[in-house]
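J.: What follows is the file work-v3.pdb, containing PDB, C-alpha atoms:
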```
ATOM      1  CA  ALA M  22     257.640  67.590 125.443
ATOM      2  CA  ALA M  23     260.430  65.133 126.463
ATOM      3  CA  GLU M  24     259.448  62.756 123.665
ATOM      4  CA  ALA M  25     259.650  65.556 121.080
ATOM      5  CA  LEU M  26     263.080  66.605 122.316
ATOM      6  CA  CYS M  27     264.371  63.032 122.044
ATOM      7  CA  ALA M  28     263.016  62.753 118.501
ATOM      8  CA  LYS M  29     264.731  66.003 117.548
ATOM      9  CA  ALA M  30     267.980  64.757 119.067
ATOM     10  CA  LEU M  31     267.825  61.536 117.023
ATOM     11  CA  GLU M  32     267.316  63.578 113.859
ATOM     12  CA  LEU M  33     270.715  65.035 114.568
ATOM     13  CA  GLU M  34     272.371  61.677 115.305
ATOM     14  CA  HIS M  35     274.879  62.172 112.495
ATOM     15  CA  LEU M  36     276.310  64.923 114.656
ATOM     16  CA  LEU M  37     276.369  62.780 117.809
ATOM     17  CA  THR M  38     278.713  60.063 118.919
ATOM     18  CA  GLY M  39     277.420  56.515 119.105
ATOM     19  CA  THR M  40     277.071  56.553 122.890
ATOM     20  CA  VAL M  41     275.058  59.750 122.998
ATOM     21  CA  ALA M  42     272.772  58.574 120.183
ATOM     22  CA  GLN M  43     272.168  55.260 121.938
ATOM     23  CA  THR M  44     271.342  57.103 125.176
ATOM     24  CA  ALA M  45     268.856  59.315 123.379
ATOM     25  CA  ASP M  46     267.250  56.283 121.716
ATOM     26  CA  ASN M  47     266.941  54.495 125.084
ATOM     27  CA  LEU M  48     265.448  57.585 126.655
ATOM     28  CA  LYS M  49     262.852  57.840 123.877
ATOM     29  CA  ALA M  50     261.889  54.215 124.341
ATOM     30  CA  MET M  51     261.523  54.681 128.100
ATOM     31  CA  ILE M  52     259.347  57.736 127.547
ATOM     32  CA  ALA M  53     257.145  55.784 125.176
ATOM     33  CA  ARG M  54     256.719  53.009 127.748
ATOM     34  CA  ARG M  55     255.771  55.390 130.522
ATOM     35  CA  LYS M  56     253.612  57.667 128.425
ATOM     36  CA  GLY M  57     250.699  55.271 128.101
ATOM     37  CA  PRO M  58     250.302  54.480 131.846
ATOM     38  CA  ALA M  59     250.758  58.161 132.730
ATOM     39  CA  MET M  60     248.015  59.214 130.311
ATOM     40  CA  ASP M  61     245.745  56.489 131.711
ATOM     41  CA  ASP M  62     246.380  57.752 135.248
ATOM     42  CA  ASN M  63     245.592  61.328 134.246
ATOM     43  CA  ARG M  64     242.410  60.255 132.464
ATOM     44  CA  MET M  65     241.181  58.081 135.344
ATOM     45  CA  ILE M  66     242.315  60.169 138.326
ATOM     46  CA  TYR M  67     242.813  63.806 137.360
ATOM     47  CA  LEU M  68     240.730  64.310 134.265
ATOM     48  CA  GLU M  69     237.021  63.863 133.671
ATOM     49  CA  ALA M  70     235.325  64.045 130.341
ATOM     50  CA  VAL M  71     232.562  66.645 129.997
ATOM     51  CA  PRO M  72     229.498  65.045 128.406
ATOM     52  CA  PRO M  73     227.431  66.925 125.820
ATOM     53  CA  ALA M  74     224.850  69.275 127.286
ATOM     54  CA  ASP M  75     221.958  67.599 125.471
ATOM     55  CA  SER M  76     222.846  64.267 127.080
ATOM     56  CA  LEU M  77     222.462  65.623 130.644
ATOM     57  CA  THR M  78     219.286  65.131 132.666
ATOM     58  CA  PRO M  79     217.734  68.079 134.609
ATOM     59  CA  VAL M  80     218.881  68.429 138.185
ATOM     60  CA  GLY M  81     215.995  68.059 140.601
ATOM     61  CA  LYS M  82     215.187  70.348 143.545
ATOM     62  CA  ALA M  83     216.962  69.727 146.831
ATOM     63  CA  ALA M  84     216.256  71.207 150.268
ATOM     64  CA  LEU M  85     219.069  73.160 151.878
ATOM     65  CA  VAL M  86     217.940  72.177 155.375
ATOM     66  CA  LYS M  87     216.269  69.206 156.909
ATOM     67  CA  PRO M  88     212.493  69.777 157.142
ATOM     68  CA  ILE M  89     211.003  69.360 160.625
ATOM     69  CA  GLU M  90     207.298  68.951 161.037
ATOM     70  CA  PRO M  91     205.898  71.532 163.521
ATOM     71  CA  THR M  92     203.948  70.526 166.596
ATOM     72  CA  LEU M  93     200.479  71.852 165.815
ATOM     73  CA  ASP M  94     198.725  70.517 168.907
ATOM     74  CA  ALA M  95     200.639  72.791 171.323
ATOM     75  CA  THR M  96     198.596  75.589 172.930
ATOM     76  CA  ASP M  97     201.466  78.028 173.650
ATOM     77  CA  ILE M  98     202.637  78.495 170.062
ATOM     78  CA  LYS M  99     202.348  82.060 168.803
ATOM     79  CA  PRO M 100     201.280  82.355 165.138
ATOM     80  CA  LEU M 101     204.285  83.259 163.020
ATOM     81  CA  PHE M 102     202.529  86.002 161.061
ATOM     82  CA  SER M 103     200.245  87.397 163.757
ATOM     83  CA  GLY M 104     202.156  90.699 163.901
ATOM     84  CA  LEU M 105     202.439  91.256 160.164
ATOM     85  CA  PHE M 106     200.015  93.674 158.552
ATOM     86  CA  PRO M 107     199.802  95.286 155.130
ATOM     87  CA  ARG M 108     201.522  98.623 154.733
ATOM     88  CA  PHE M 109     198.278 100.566 154.330
ATOM     89  CA  VAL M 110     197.040  99.156 157.656
ATOM     90  CA  MET M 111     200.208 100.335 159.438
ATOM     91  CA  GLN M 112     199.806 103.764 157.839
ATOM     92  CA  GLU M 113     196.233 103.982 159.121
ATOM     93  CA  VAL M 114     197.420 102.955 162.593
ATOM     94  CA  GLU M 115     200.068 105.685 162.617
ATOM     95  CA  SER M 116     197.504 108.222 161.407
ATOM     96  CA  HIS M 117     195.145 107.150 164.191
ATOM     97  CA  LYS M 118     197.926 107.519 166.766
ATOM     98  CA  VAL M 119     198.629 111.051 165.577
ATOM     99  CA  SER M 120     194.919 111.883 165.819
ATOM    100  CA  LEU M 121     194.677 110.487 169.353
ATOM    101  CA  ARG M 122     197.798 112.370 170.395
ATOM    102  CA  SER M 123     196.321 115.595 169.041
ATOM    103  CA  MET M 124     193.051 114.985 170.891
ATOM    104  CA  ALA M 125     194.930 114.256 174.123
ATOM    105  CA  GLU M 126     196.928 117.468 173.820
ATOM    106  CA  GLY M 127     193.707 119.364 173.149
ATOM    107  CA  CYS M 128     192.083 117.869 176.269
ATOM    108  CA  GLU M 129     195.110 118.753 178.371
ATOM    109  CA  THR M 130     195.074 122.319 177.078
ATOM    110  CA  ALA M 131     191.333 122.614 177.755
ATOM    111  CA  THR M 132     191.843 121.340 181.312
ATOM    112  CA  LYS M 133     194.585 123.880 181.981
ATOM    113  CA  GLU M 134     192.406 126.672 180.602
ATOM    114  CA  ALA M 135     189.497 125.532 182.783
ATOM    115  CA  ASN M 136     191.774 125.472 185.838
ATOM    116  CA  SER M 137     193.055 128.967 185.085
ATOM    117  CA  ALA M 138     189.552 130.324 184.504
ATOM    118  CA  ALA M 139     188.289 128.790 187.730
ATOM    119  CA  ARG M 140     191.161 130.211 189.776
ATOM    120  CA  THR M 141     190.623 133.623 188.233
ATOM    121  CA  ALA M 142     186.902 133.472 189.043
ATOM    122  CA  LEU M 143     187.636 132.465 192.643
ATOM    123  CA  ALA M 144     190.203 135.240 192.993
ATOM    124  CA  GLU M 145     187.679 137.780 191.726
ATOM    125  CA  LYS M 146     185.318 136.689 194.490
ATOM    126  CA  GLY M 147     188.008 137.273 197.099
ATOM    127  CA  LEU M 148     188.116 133.609 198.105
ATOM    128  CA  PRO M 149     191.919 133.224 198.400
ATOM    129  CA  GLY M 150     192.078 136.110 200.882
ATOM    130  CA  SER M 151     189.182 134.659 202.861
ATOM    131  CA  ILE M 152     190.925 131.304 203.065
ATOM    132  CA  ALA M 153     194.133 132.915 204.287
ATOM    133  CA  ALA M 154     192.201 134.670 207.080
ATOM    134  CA  HIS M 155     190.281 131.525 207.968
ATOM    135  CA  GLU M 156     193.410 129.393 208.237
ATOM    136  CA  ALA M 157     195.207 131.809 210.552
ATOM    137  CA  THR M 158     195.722 130.218 214.002
ATOM    138  CA  ASP M 159     197.491 133.010 215.896
ATOM    139  CA  GLY M 160     194.496 135.314 216.336
ATOM    140  CA  PHE M 161     193.449 138.292 214.331
ATOM    141  CA  PRO M 162     196.355 140.279 212.988
ATOM    142  CA  GLU M 163     196.702 144.007 213.625
ATOM    143  CA  SER M 164     195.445 144.718 210.129
ATOM    144  CA  VAL M 165     192.060 143.227 211.088
ATOM    145  CA  TRP M 166     191.663 145.592 214.057
ATOM    146  CA  THR M 167     192.616 148.450 211.800
ATOM    147  CA  LYS M 168     189.849 147.464 209.413
ATOM    148  CA  VAL M 169     187.383 147.238 212.332
ATOM    149  CA  TYR M 170     188.249 150.773 213.294
ATOM    150  CA  GLU M 171     187.825 151.911 209.709
ATOM    151  CA  VAL M 172     184.379 150.239 209.621
ATOM    152  CA  GLN M 173     183.352 152.050 212.780
ATOM    153  CA  MET M 174     184.463 155.311 211.304
ATOM    154  CA  LYS M 175     182.484 154.657 208.126
ATOM    155  CA  GLY M 176     179.098 153.961 209.661
ATOM    156  CA  ALA M 177     179.585 151.182 212.122
ATOM    157  CA  ASP M 178     176.642 148.780 212.389
ATOM    158  CA  TRP M 179     174.639 150.028 209.412
ATOM    159  CA  ALA M 180     177.637 150.008 207.080
ATOM    160  CA  LEU M 181     178.695 146.648 208.471
ATOM    161  CA  ARG M 182     175.273 145.156 207.838
ATOM    162  CA  SER M 183     175.342 146.511 204.311
ATOM    163  CA  LYS M 184     178.747 144.946 203.810
ATOM    164  CA  MET M 185     177.529 141.678 205.284
ATOM    165  CA  THR M 186     174.667 141.672 202.813
ATOM    166  CA  GLU M 187     177.144 142.215 200.010
ATOM    167  CA  LEU M 188     179.350 139.450 201.329
ATOM    168  CA  GLU M 189     176.351 137.142 201.558
ATOM    169  CA  GLY M 190     175.729 137.748 197.889
ATOM    170  CA  LYS M 191     179.366 137.029 197.069
ATOM    171  CA  ALA M 192     179.297 133.917 199.224
ATOM    172  CA  ALA M 193     176.280 132.677 197.301
ATOM    173  CA  GLU M 194     178.025 133.435 194.018
ATOM    174  CA  THR M 195     181.116 131.638 195.289
ATOM    175  CA  GLY M 196     179.053 128.576 196.126
ATOM    176  CA  GLU M 197     177.553 128.648 192.659
ATOM    177  CA  GLN M 198     181.006 129.059 191.104
ATOM    178  CA  LEU M 199     182.346 126.119 193.115
ATOM    179  CA  GLY M 200     179.427 123.973 191.989
ATOM    180  CA  LEU M 201     179.851 125.109 188.398
ATOM    181  CA  VAL M 202     183.562 124.313 188.416
ATOM    182  CA  GLN M 203     182.876 120.884 189.886
ATOM    183  CA  ARG M 204     180.258 120.196 187.230
ATOM    184  CA  VAL M 205     182.704 121.233 184.512
ATOM    185  CA  LEU M 206     185.319 118.885 185.951
ATOM    186  CA  ASP M 207     182.827 116.048 186.251
ATOM    187  CA  GLU M 208     181.800 116.573 182.637
ATOM    188  CA  GLU M 209     185.454 116.545 181.563
ATOM    189  CA  TYR M 210     186.084 113.347 183.544
ATOM    190  CA  ALA M 211     183.037 111.700 181.958
ATOM    191  CA  ASN M 212     184.112 112.758 178.464
ATOM    192  CA  ASP M 213     187.590 111.409 179.124
ATOM    193  CA  ASP M 214     186.167 108.095 180.370
ATOM    194  CA  ASN M 215     183.915 107.769 177.314
ATOM    195  CA  PHE M 216     186.839 108.567 175.014
ATOM    196  CA  ARG M 217     188.989 105.879 176.640
ATOM    197  CA  ILE M 218     186.179 103.333 176.355
ATOM    198  CA  LYS M 219     185.975 104.042 172.613
ATOM    199  CA  HIS M 220     189.776 104.048 172.264
ATOM    200  CA  PRO M 221     191.097 101.440 174.736
ATOM    201  CA  THR M 222     194.641 101.610 173.341
ATOM    202  CA  PHE M 223     195.037 105.323 174.098
ATOM    203  CA  GLN M 224     197.840 105.881 176.619
ATOM    204  CA  GLY M 225     197.541 109.629 177.230
ATOM    205  CA  VAL M 226     197.338 111.268 180.658
ATOM    206  CA  GLN M 227     193.880 110.968 182.215
ATOM    207  CA  SER M 228     191.960 114.132 182.968
ATOM    208  CA  ARG M 229     191.646 113.027 186.586
ATOM    209  CA  ASP M 230     195.434 112.855 186.865
ATOM    210  CA  SER M 231     196.144 116.158 185.090
ATOM    211  CA  GLY M 232     193.493 117.963 187.181
ATOM    212  CA  GLN M 233     194.268 116.184 190.444
ATOM    213  CA  HIS M 234     195.840 119.196 192.174
ATOM    214  CA  PHE M 235     193.055 121.500 191.061
ATOM    215  CA  GLN M 236     190.428 118.981 192.197
ATOM    216  CA  HIS M 237     192.153 118.838 195.580
ATOM    217  CA  ASP M 238     192.129 122.646 195.852
ATOM    218  CA  LEU M 239     188.508 122.798 194.780
ATOM    219  CA  ALA M 240     187.480 120.236 197.397
ATOM    220  CA  HIS M 241     189.424 122.202 199.998
ATOM    221  CA  TYR M 242     187.691 125.458 199.014
ATOM    222  CA  ARG M 243     184.314 123.736 199.133
ATOM    223  CA  GLN M 244     185.037 122.345 202.598
ATOM    224  CA  LEU M 245     186.029 125.775 203.892
ATOM    225  CA  TRP M 246     182.973 127.354 202.325
ATOM    226  CA  ASP M 247     180.730 124.768 204.012
ATOM    227  CA  GLN M 248     182.459 125.357 207.337
ATOM    228  CA  VAL M 249     181.896 129.093 207.051
ATOM    229  CA  ARG M 250     178.211 128.568 206.272
ATOM    230  CA  VAL M 251     177.825 126.255 209.288
ATOM    231  CA  LYS M 252     179.515 128.770 211.583
ATOM    232  CA  LYS M 253     177.318 131.544 210.228
ATOM    233  CA  MET M 254     174.188 129.520 210.958
ATOM    234  CA  LYS M 255     175.391 128.823 214.511
ATOM    235  CA  ASN M 256     176.082 132.512 215.100
ATOM    236  CA  GLU M 257     172.643 133.477 213.816
ATOM    237  CA  ASN M 258     170.993 130.958 216.147
TER     238      ASN M 258
END
```
Just dump the structure as structure tokens.
T.:
Amino acid sequence: AAEALCAKALELEHLLTGTVAQTADNLKAMIARRKGPAMDDNRMIYLEAVPPADSLTPVGKAALVKPIEPTLDATDIKPLFSGLFPRFVMQEVESHKVSLRSMAEGCETATKEANSAARTALAEKGLPGSIAAHEATDGFPESVWTKVYEVQMKGADWALRSKMTELEGKAAETGEQLGLVQRVLDEEYANDDNFRIKHPTFQGVQSRDSGQHFQHDLAHYRQLWDQVRVKKMKNEN
């Protein structure tokens, strides 16, 4: 741009004084001298020629990181892909979990229903009232003497013997009911154990744990029933 301006100025030298024209001519010559080295510097330092695309060789592959050979002889190395499974396998696993959860809830419901049925059957036999009377430690309450009087008024020994016979029948039925309930519980425990053997990953509540309080009550009832039978045999002897 400076060289072009100097050339244009010299074209108008007839309008310039001799000193100004000489200055413009010197400036043009200086620009010409410096132009060549400046262009060489730009070409060698700042500019780079772009070669034709067909003259370029393909760029080979290069790793972004330094490869490190793994130690394969170590025994504590966990396989990298041991926890990866196909999607359909994970879907089957989730479906199996839902099925197990449903079965566990069904078992828990069945256990509660069995507990309720057993308590109802025991209540129908009058067992809870008998236990309350047996566990009393402060003597017979006044209500017992009132009932004794009522028995005497209703036939005394004969009526009492008839009632005893009836109670004997109920006691036998109670023993059978206690045995039946225990067998039902044992069957449930066995079914739960077999289920857990077939499905070792199942984490639901065990039947023994969910029915622990009922099993404790049942054992207590059975112990009291046995104690009553032993006392009855002693009294008869």
J.: The PyMOL selection byres ((chain M and resi 202) around 12) - which residues does that actually catch in the file I just gave you? List them as number ranges by chain.
T.: M: 132, 135-143, 195-201, 203-209, 232, 235-236, 238-240, 242-243
J.: Could you take the residues named above and write them with C-alpha atoms, as a PDB file, in the coordinates of the input?
T.:
```pdb
ATOM      1  CA  THR M 132     191.843 121.340 181.312  1.00  0.00           C
ATOM      2  CA  ALA M 135     189.497 125.532 182.783  1.00  0.00           C
ATOM      3  CA  ASN M 136     191.774 125.472 185.838  1.00  0.00           C
ATOM      4  CA  SER M 137     193.055 128.967 185.085  1.00  0.00           C
ATOM      5  CA  ALA M 138     189.552 130.324 184.504  1.00  0.00           C
ATOM      6  CA  ALA M 139     188.289 128.790 187.730  1.00  0.00           C
ATOM      7  CA  ARG M 140     191.161 130.211 189.776  1.00  0.00           C
ATOM      8  CA  THR M 141     190.623 133.623 188.233  1.00  0.00           C
ATOM      9  CA  ALA M 142     186.902 133.472 189.043  1.00  0.00           C
ATOM     10  CA  LEU M 143     187.636 132.465 192.643  1.00  0.00           C
ATOM     11  CA  THR M 195     181.116 131.638 195.289  1.00  0.00           C
ATOM     12  CA  GLY M 196     179.053 128.576 196.126  1.00  0.00           C
ATOM     13  CA  GLU M 197     177.553 128.648 192.659  1.00  0.00           C
ATOM     14  CA  GLN M 198     181.006 129.059 191.104  1.00  0.00           C
ATOM     15  CA  LEU M 199     182.346 126.119 193.115  1.00  0.00           C
ATOM     16  CA  GLY M 200     179.427 123.973 191.989  1.00  0.00           C
ATOM     17  CA  LEU M 201     179.851 125.109 188.398  1.00  0.00           C
ATOM     18  CA  GLN M 203     182.876 120.884 189.886  1.00  0.00           C
ATOM     19  CA  ARG M 204     180.258 120.196 187.230  1.00  0.00           C
ATOM     20  CA  VAL M 205     182.704 121.233 184.512  1.00  0.00           C
ATOM     21  CA  LEU M 206     185.319 118.885 185.951  1.00  0.00           C
ATOM     22  CA  ASP M 207     182.827 116.048 186.251  1.00  0.00           C
ATOM     23  CA  GLU M 208     181.800 116.573 182.637  1.00  0.00           C
ATOM     24  CA  GLU M 209     185.454 116.545 181.563  1.00  0.00           C
ATOM     25  CA  GLY M 232     193.493 117.963 187.181  1.00  0.00           C
ATOM     26  CA  PHE M 235     193.055 121.500 191.061  1.00  0.00           C
ATOM     27  CA  GLN M 236     190.428 118.981 192.197  1.00  0.00           C
ATOM     28  CA  ASP M 238     192.129 122.646 195.852  1.00  0.00           C
ATOM     29  CA  LEU M 239     188.508 122.798 194.780  1.00  0.00           C
ATOM     30  CA  ALA M 240     187.480 120.236 197.397  1.00  0.00           C
ATOM     31  CA  TYR M 242     187.691 125.458 199.014  1.00  0.00           C
ATOM     32  CA  ARG M 243     184.314 123.736 199.133  1.00  0.00           C
TER      33      ARG M 243
END
```
J.: Mind giving me the straight-line distance from atom CA of Glu129 of chain M to atom CA of Gly225 of chain M in Å, one decimal?
T.: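 Separation between atom CA of Glu129 of chain M and atom CA of Gly225 of chain M: 9.5 Å.
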J.: So how far away is atom CA of Phe106 of chain M from atom CA of Pro221 of chain M, in Å?
T.: 20.0 Å
J.: Report, in Å to a single decimal, how far apart atom CA of Phe216 of chain M and atom CA of Leu105 of chain M are.
T.: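 Computing the Euclidean distance for atom CA of Leu105 of chain M and atom CA of Phe216 of chain M yields 27.6 Å.
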J.: Edge lengths and centre in Å to one decimal, as AutoDock Vina command-line options, of the axis-aligned box that encloses all listed atoms of segment 205-218 of chain M with 4 Å added on every side?
T.:
```
--center_x 185.4 --center_y 112.3 --center_z 180.6 --size_x 15.2 --size_y 25.9 --size_z 19.2
```
J.: Would you list the contacts of segment 119-122 of chain M as a list in words, taking every protein, DNA or RNA residue within 10 Å and counting only C-alpha atoms, but skipping same-chain residues closer than 2 positions in sequence?
T.: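 Final neighbour list, sorted by chain and number: Glu113, Val114, Glu115, Ser116, His117, Met124, Ala125, Glu126, Gly127, Cys128, Phe216, His220, Thr222, Phe223, Gln224 and Gly225 of chain M.
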J.: Skipping near chain neighbours, those fewer than 5 positions away, what residues fall within 9 Å of Tyr210 of chain M using only C-alpha atoms, listed as a list of chain:residue names?
T.: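 So the residues in contact are M:Val205, M:Asn215, M:Gln227, M:Ser228, M:Arg229.
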J.: Convert the current residue selection to file output with C-alpha atoms, as a PDB file, in the coordinates of the input.
T.:
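File produced: again30.pdb:
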```pdb
ATOM      1  CA  VAL M 205     182.704 121.233 184.512  1.00  0.00           C
ATOM      2  CA  ASN M 215     183.915 107.769 177.314  1.00  0.00           C
ATOM      3  CA  GLN M 227     193.880 110.968 182.215  1.00  0.00           C
ATOM      4  CA  SER M 228     191.960 114.132 182.968  1.00  0.00           C
ATOM      5  CA  ARG M 229     191.646 113.027 186.586  1.00  0.00           C
TER       6      ARG M 229
END
```
